[in-house]
file my_file_25.cif (mmCIF, C-alpha atoms)
data_entry
loop_
_atom_site.label_atom_id
_atom_site.label_comp_id
_atom_site.auth_asym_id
_atom_site.auth_seq_id
_atom_site.Cartn_x
_atom_site.Cartn_y
_atom_site.Cartn_z
CA MET A 1 0.00 0.00 0.00
CA ASN A 2 1.38 3.40 -0.96
CA ARG A 3 1.82 5.92 1.82
CA CYS A 4 2.21 9.66 1.54
CA ASP A 5 4.47 10.77 4.38
CA ASN A 6 4.65 14.36 3.20
CA CYS A 7 1.10 15.07 2.03
CA LEU A 8 -0.10 18.59 2.94
CA LEU A 9 3.16 19.37 4.73
CA VAL A 10 4.52 22.88 4.21
CA LEU A 11 7.60 22.22 6.38
CA PRO A 12 9.35 19.07 7.63
CA LEU A 13 6.82 17.30 9.82
CA ARG A 14 8.36 17.36 13.29
CA ALA A 15 10.34 20.61 13.07
CA GLY A 16 7.55 22.33 11.17
CA ALA A 17 4.93 21.26 13.70
CA ILE A 18 7.07 22.56 16.57
CA ALA A 19 7.53 25.92 14.83
CA TRP A 20 3.81 26.07 14.03
CA ASN A 21 2.86 25.48 17.66
CA VAL A 22 5.34 28.08 18.87
CA ILE A 23 3.63 30.63 16.62
CA ILE A 24 0.21 29.62 17.98
CA ALA A 25 1.41 29.90 21.57
CA ALA A 26 2.98 33.32 20.96
CA TYR A 27 -0.02 35.01 19.37
CA SER A 28 -2.48 33.28 21.73
CA ILE A 29 -0.66 34.59 24.79
CA GLY A 30 -0.39 38.06 23.25
CA GLY A 31 -4.05 38.14 22.28
CA SER A 32 -5.13 36.90 25.70
CA ILE A 33 -3.14 39.63 27.44
CA VAL A 34 -4.81 42.25 25.23
CA LEU A 35 -8.22 40.83 26.14
CA PHE A 36 -7.39 40.78 29.84
CA LEU A 37 -6.27 44.42 29.72
CA TYR A 38 -8.76 45.97 27.30
CA GLY A 39 -11.52 43.41 26.78
CA SER A 40 -13.92 45.29 29.03
CA TYR A 41 -13.93 48.15 26.49
CA TRP A 42 -15.35 45.87 23.78
CA PHE A 43 -17.39 43.35 25.76
CA PHE A 44 -19.71 44.61 28.47
CA VAL A 45 -20.94 41.52 30.30
CA TYR A 46 -18.54 40.52 33.07
CA PRO A 47 -16.51 38.29 32.90
CA GLU A 48 -16.78 37.40 29.22
CA TRP A 49 -13.48 39.02 28.23
CA PHE A 50 -11.71 36.90 30.85
CA ILE A 51 -13.37 33.80 29.42
CA TYR A 52 -12.25 34.69 25.90
CA GLY A 53 -8.72 35.37 27.11
CA GLY A 54 -8.74 32.17 29.15
CA ILE A 55 -9.60 30.16 26.05
CA GLY A 56 -6.63 31.76 24.31
CA MET A 57 -4.38 30.78 27.21
CA ALA A 58 -5.70 27.21 27.01
CA VAL A 59 -4.84 27.12 23.30
CA ALA A 60 -1.34 28.40 24.10
CA ALA A 61 -0.91 25.77 26.82
CA VAL A 62 -1.89 22.90 24.50
CA ALA A 63 0.38 24.28 21.78
CA LEU A 64 3.32 24.31 24.20
CA VAL A 65 2.52 20.79 25.40
CA ASN A 66 2.38 19.74 21.76
CA CYS A 67 5.83 21.28 21.24
CA LEU A 68 7.24 19.23 24.11
CA ALA A 69 5.54 16.07 22.85
CA LEU A 70 7.00 16.56 19.39
CA SER A 71 10.44 17.44 20.76
CA ASN A 72 10.55 14.25 22.85
CA LYS A 73 8.77 12.07 20.25
CA SER A 74 6.30 11.19 23.00
CA TYR A 75 3.55 8.94 21.70
CA ILE A 76 1.45 9.37 24.87
CA TRP A 77 1.47 13.17 24.82
CA THR A 78 0.86 13.36 21.09
CA ARG A 79 -2.25 11.28 21.72
CA VAL A 80 -3.26 13.63 24.54
CA CYS A 81 -2.93 16.58 22.16
CA LYS A 82 -4.75 14.59 19.50
CA PHE A 83 -7.68 14.42 21.94
CA LEU A 84 -7.47 18.05 23.10
CA TRP A 85 -7.11 19.86 19.76
CA PRO A 86 -10.60 19.03 18.41
CA ILE A 87 -12.17 20.21 21.68
CA LEU A 88 -10.27 23.49 21.58
CA ILE A 89 -11.12 24.01 17.91
CA VAL A 90 -14.84 23.65 18.63
CA VAL A 91 -14.61 25.94 21.68
CA SER A 92 -12.62 28.51 19.68
CA ALA A 93 -15.17 28.39 16.86
CA VAL A 94 -17.99 29.06 19.32
CA ARG A 95 -15.94 31.86 20.88
CA CYS A 96 -15.39 33.36 17.44
CA ILE A 97 -19.12 33.46 16.69
CA ILE A 98 -20.05 34.89 20.10
CA MET A 99 -17.35 37.57 19.98
CA ILE A 100 -18.47 38.77 16.55
CA VAL A 101 -22.12 38.84 17.63
CA GLU A 102 -21.23 40.74 20.80
CA LEU A 103 -19.16 43.29 18.89
CA ASP A 104 -22.03 43.95 16.50
CA ARG A 105 -24.51 44.26 19.34
CA ASP A 106 -22.35 46.70 21.30
CA GLN A 107 -21.18 48.80 18.36
CA ASP A 108 -22.86 51.94 19.72
CA ASN A 109 -21.15 51.56 23.09
CA ILE A 110 -17.72 51.09 21.51
CA GLU A 111 -18.21 54.11 19.26
CA TRP A 112 -19.29 56.13 22.29
CA GLU A 113 -16.04 55.20 24.05
CA CYS A 114 -13.98 56.31 21.06
CA ASN A 115 -15.91 59.56 20.78
CA ASN A 116 -15.33 60.33 24.45
CA GLY A 117 -11.58 59.96 24.71
CA GLY A 118 -11.52 56.23 25.35
CA VAL A 119 -13.50 56.44 28.59
CA GLN A 120 -15.07 53.09 29.41
CA PHE A 121 -18.80 52.92 28.78
CA ASN A 122 -20.80 52.46 31.97
CA SER A 123 -23.40 49.83 31.15
CA THR A 124 -24.93 49.98 34.63
CA THR A 125 -26.49 53.36 34.10
CA SER A 126 -28.56 54.93 31.37
CA ASP A 127 -26.48 58.10 31.63
CA THR A 128 -23.70 57.47 29.11
CA SER A 129 -21.99 60.73 29.99
CA THR A 130 -20.49 59.16 33.10
CA SER A 131 -18.22 56.23 33.72
CA THR A 132 -16.92 54.55 36.87
CA SER A 133 -13.61 53.65 35.22
CA THR A 134 -10.54 55.86 35.57
CA SER A 135 -8.59 54.13 32.78
CA THR A 136 -8.99 54.83 29.09
CA LEU A 137 -8.83 52.82 25.89
CA PRO A 138 -5.63 53.51 23.90
CA SER A 139 -6.38 55.80 20.98
CA ALA A 140 -4.78 53.34 18.55
CA PHE A 141 -7.84 51.11 18.85
CA CYS A 142 -10.15 53.96 17.83
CA THR A 143 -8.11 55.58 15.06
CA SER A 144 -9.28 53.31 12.25
CA GLY A 145 -12.92 53.11 13.31
CA PHE A 146 -15.26 50.34 14.39
CA SER A 147 -15.53 48.65 10.99
CA THR A 148 -11.78 48.13 10.82
CA LEU A 149 -11.67 46.90 14.41
CA ARG A 150 -14.44 44.43 13.65
CA ALA A 151 -12.67 43.24 10.50
CA LEU A 152 -9.43 42.73 12.41
CA PHE A 153 -11.24 40.68 15.05
CA ILE A 154 -12.88 38.49 12.42
CA ILE A 155 -9.69 37.96 10.41
CA SER A 156 -7.58 37.19 13.48
CA LEU A 157 -10.15 34.75 14.88
CA LEU A 158 -10.47 32.93 11.55
CA ILE A 159 -6.69 32.74 11.14
CA ASP A 160 -6.49 31.32 14.65
CA LEU A 161 -8.96 28.58 13.71
CA VAL A 162 -6.98 27.73 10.57
CA PHE A 163 -3.74 27.55 12.55
CA GLN A 164 -5.34 25.29 15.16
CA LEU A 165 -6.78 23.01 12.49
CA TYR A 166 -3.42 22.64 10.79
CA SER A 167 -1.67 22.05 14.11
CA ALA A 168 -4.17 19.30 14.90
CA PHE A 169 -3.47 17.78 11.48
CA LEU A 170 0.31 17.91 12.02
CA ASN A 171 -0.02 16.30 15.43
CA TRP A 172 -2.27 13.58 14.01
CA ARG A 173 0.16 13.00 11.16
CA PHE A 174 3.10 12.70 13.54
CA SER A 175 1.23 10.28 15.82
CA LYS A 176 0.41 8.12 12.79
CA ARG A 177 4.07 8.10 11.82
CA LEU A 178 5.02 6.97 15.32
CA GLU A 179 2.38 4.23 15.15
CA HIS A 180 3.69 3.12 11.77
CA TYR A 181 7.29 2.81 12.91
CA SER A 182 6.41 1.23 16.25
CA SER A 183 4.58 -1.55 14.39
CA MET A 184 7.68 -2.42 12.35
CA LYS A 185 10.13 -5.13 13.41
CA GLY A 186 13.86 -4.46 13.21
CA PRO A 187 16.66 -4.40 12.52
CA PHE A 188 16.46 -2.29 9.36
CA TYR A 189 18.88 -0.83 6.87
CA GLY A 190 21.86 -3.05 7.52
CA GLY A 191 21.34 -3.47 11.24
CA LEU A 192 20.09 -0.02 12.25
CA CYS A 193 17.71 -0.32 15.16
CA PHE A 194 14.18 1.08 15.19
CA SER A 195 15.03 4.17 17.22
CA THR A 196 17.77 5.26 14.84
CA PHE A 197 15.54 4.62 11.84
CA ALA A 198 12.65 6.56 13.36
CA GLU A 199 14.87 9.49 14.26
CA SER A 200 16.26 9.71 10.75
CA THR A 201 12.80 9.76 9.19
CA ALA A 202 10.84 11.82 11.71
#
call {"tool": "encode", "arguments": {"input": "my_file_25.cif", "output": "C-alpha cells"}}
result
Amino acid sequence: MNRCDNCLLVLPLRAGAIAWNVIIAAYSIGGSIVLFLYGSYWFFVYPEWFIYGGIGMAVAAVALVNCLALSNKSYIWTRVCKFLWPILIVVSAVRCIIMIVELDRDQDNIEWECNNGGVQFNSTTSDTSTSTSTSTLPSAFCTSGFSTLRALFIISLLIDLVFQLYSAFLNWRFSKRLEHYSSMKGPFYGGLCFSTFAESTA
C-alpha cells in the first residue's frame, strides 16, 4: 500500500509542527493579554473578556505541550494533544461566533467610548456621559474606526482557527508516523535499530 508521508506538509513534519505550535502559543498569549487588559472596552458583560482570554491561554498551553511532545517524540502526549485539539477548535469556533455577535450588538457603546476619549462605557447606568472607570482605551484602537476593528477581530479569529486546524493535522500526522514505525520489526537498513531509523525519518 502506498503511503504519503509528506502530504499537505509545508515544512518538515516534526520541526515544522514545533515551529507552528510556537507561533500559535505566541499570538495566543499576546491576544489573551490584550483581552485581559482591554476586553472590558469591547465586551460589556462581566466576565466574558476573561473567558475569551482564558480560552486563548488554554490554546497556548496545549500548543506548548504539543511542542514538548514533538520534541521528545512522545507517543502518549501526542495522543493527549490529539484528543485536546478538536475540543479546543470547537470551543474557539464558538468563541469566534459569540465575539463577533457581541461586537455587532455593542457597536454603539464602543463608538461612544472612542468619541469620548476612550472612557469606558458604563453599562450599569442609562447616563452614558459618566463612567466609573478611571482608565482609558488607547487611541490606537479607535483611530481606524469600528468597521476596521471588527474586520481585524474576524480575520484574526479565523486565522487562529486555521492555525489550530493545521496544528491538529500535524499532530495527528506525527502520531500516525510513530504508530507506523512502532509496528515495524527491526533491525532495518543493515542493522540499524528502530530508534535510529525513526529518528532519521521523523
call {"tool": "resolve_selection", "arguments": {"input": "my_file_25.cif", "expression": "the PyMOL selection byres ((chain A and resi 47-63) around 10)", "output": "tab-separated table (two decimals) with C-alpha atoms, keeping the file's coordinate frame"}}
result
chain	number	residue	atom	x	y	z
A	17	ALA	CA	4.93	21.26	13.70
A	18	ILE	CA	7.07	22.56	16.57
A	20	TRP	CA	3.81	26.07	14.03
A	21	ASN	CA	2.86	25.48	17.66
A	22	VAL	CA	5.34	28.08	18.87
A	23	ILE	CA	3.63	30.63	16.62
A	24	ILE	CA	0.21	29.62	17.98
A	25	ALA	CA	1.41	29.90	21.57
A	26	ALA	CA	2.98	33.32	20.96
A	27	TYR	CA	-0.02	35.01	19.37
A	28	SER	CA	-2.48	33.28	21.73
A	29	ILE	CA	-0.66	34.59	24.79
A	30	GLY	CA	-0.39	38.06	23.25
A	31	GLY	CA	-4.05	38.14	22.28
A	32	SER	CA	-5.13	36.90	25.70
A	33	ILE	CA	-3.14	39.63	27.44
A	34	VAL	CA	-4.81	42.25	25.23
A	35	LEU	CA	-8.22	40.83	26.14
A	36	PHE	CA	-7.39	40.78	29.84
A	37	LEU	CA	-6.27	44.42	29.72
A	38	TYR	CA	-8.76	45.97	27.30
A	39	GLY	CA	-11.52	43.41	26.78
A	40	SER	CA	-13.92	45.29	29.03
A	41	TYR	CA	-13.93	48.15	26.49
A	42	TRP	CA	-15.35	45.87	23.78
A	43	PHE	CA	-17.39	43.35	25.76
A	44	PHE	CA	-19.71	44.61	28.47
A	45	VAL	CA	-20.94	41.52	30.30
A	46	TYR	CA	-18.54	40.52	33.07
A	64	LEU	CA	3.32	24.31	24.20
A	65	VAL	CA	2.52	20.79	25.40
A	66	ASN	CA	2.38	19.74	21.76
A	67	CYS	CA	5.83	21.28	21.24
A	68	LEU	CA	7.24	19.23	24.11
A	69	ALA	CA	5.54	16.07	22.85
A	80	VAL	CA	-3.26	13.63	24.54
A	81	CYS	CA	-2.93	16.58	22.16
A	84	LEU	CA	-7.47	18.05	23.10
A	85	TRP	CA	-7.11	19.86	19.76
A	88	LEU	CA	-10.27	23.49	21.58
A	89	ILE	CA	-11.12	24.01	17.91
A	91	VAL	CA	-14.61	25.94	21.68
A	92	SER	CA	-12.62	28.51	19.68
A	95	ARG	CA	-15.94	31.86	20.88
A	96	CYS	CA	-15.39	33.36	17.44
A	98	ILE	CA	-20.05	34.89	20.10
A	99	MET	CA	-17.35	37.57	19.98
A	160	ASP	CA	-6.49	31.32	14.65
A	164	GLN	CA	-5.34	25.29	15.16
A	167	SER	CA	-1.67	22.05	14.11
A	168	ALA	CA	-4.17	19.30	14.90
call {"tool": "closest_atom_pairs", "arguments": {"input": "my_file_25.cif", "of": "region 69-109 of chain A", "to": "region 137-153 of chain A", "cutoff": "8 Å", "atoms": "all atoms listed in the file", "output": "tab-separated table"}}
result
residue	atom	partner	partner_atom	distance
A:Ile100	CA	A:Arg150	CA	7.5
A:Leu103	CA	A:Arg150	CA	7.1
A:Gln107	CA	A:Phe146	CA	7.3
call {"tool": "atom_distance", "arguments": {"input": "my_file_25.cif", "atom1": "CA of Val162 (chain A)", "atom2": "CA of Leu178 (chain A)"}}
result
24.4 Å
call {"tool": "closest_residue", "arguments": {"input": "my_file_25.cif", "among": "A:Arg79, A:Val101, A:Ala93, A:Cys114", "to": "Ile159 (chain A)", "atoms": "only C-alpha atoms"}}
result
A:Ala93
call {"tool": "atom_distance", "arguments": {"input": "my_file_25.cif", "atom1": "CA of Lys73 (chain A)", "atom2": "CA of Leu165 (chain A)"}}
result
20.5 Å
call {"tool": "closest_residue", "arguments": {"input": "my_file_25.cif", "among": "A:Ser156, A:Asn72, A:Thr78, A:Ser135", "to": "Leu170 (chain A)", "atoms": "all atoms listed in the file"}}
result
A:Thr78
call {"tool": "closest_residue", "arguments": {"input": "my_file_25.cif", "among": "A:Ala15, A:Asp104, A:Lys82, A:Ile87", "to": "Ile154 (chain A)", "atoms": "all atoms listed in the file"}}
result
A:Asp104
call {"tool": "closest_residue", "arguments": {"input": "my_file_25.cif", "among": "A:Thr136, A:Ile155, A:Ser175, A:Tyr75", "to": "Glu113 (chain A)", "atoms": "all atoms listed in the file"}}
result
A:Thr136
call {"tool": "atom_distance", "arguments": {"input": "my_file_25.cif", "atom1": "CA of Ile76 (chain A)", "atom2": "CA of Arg177 (chain A)"}}
result
13.4 Å
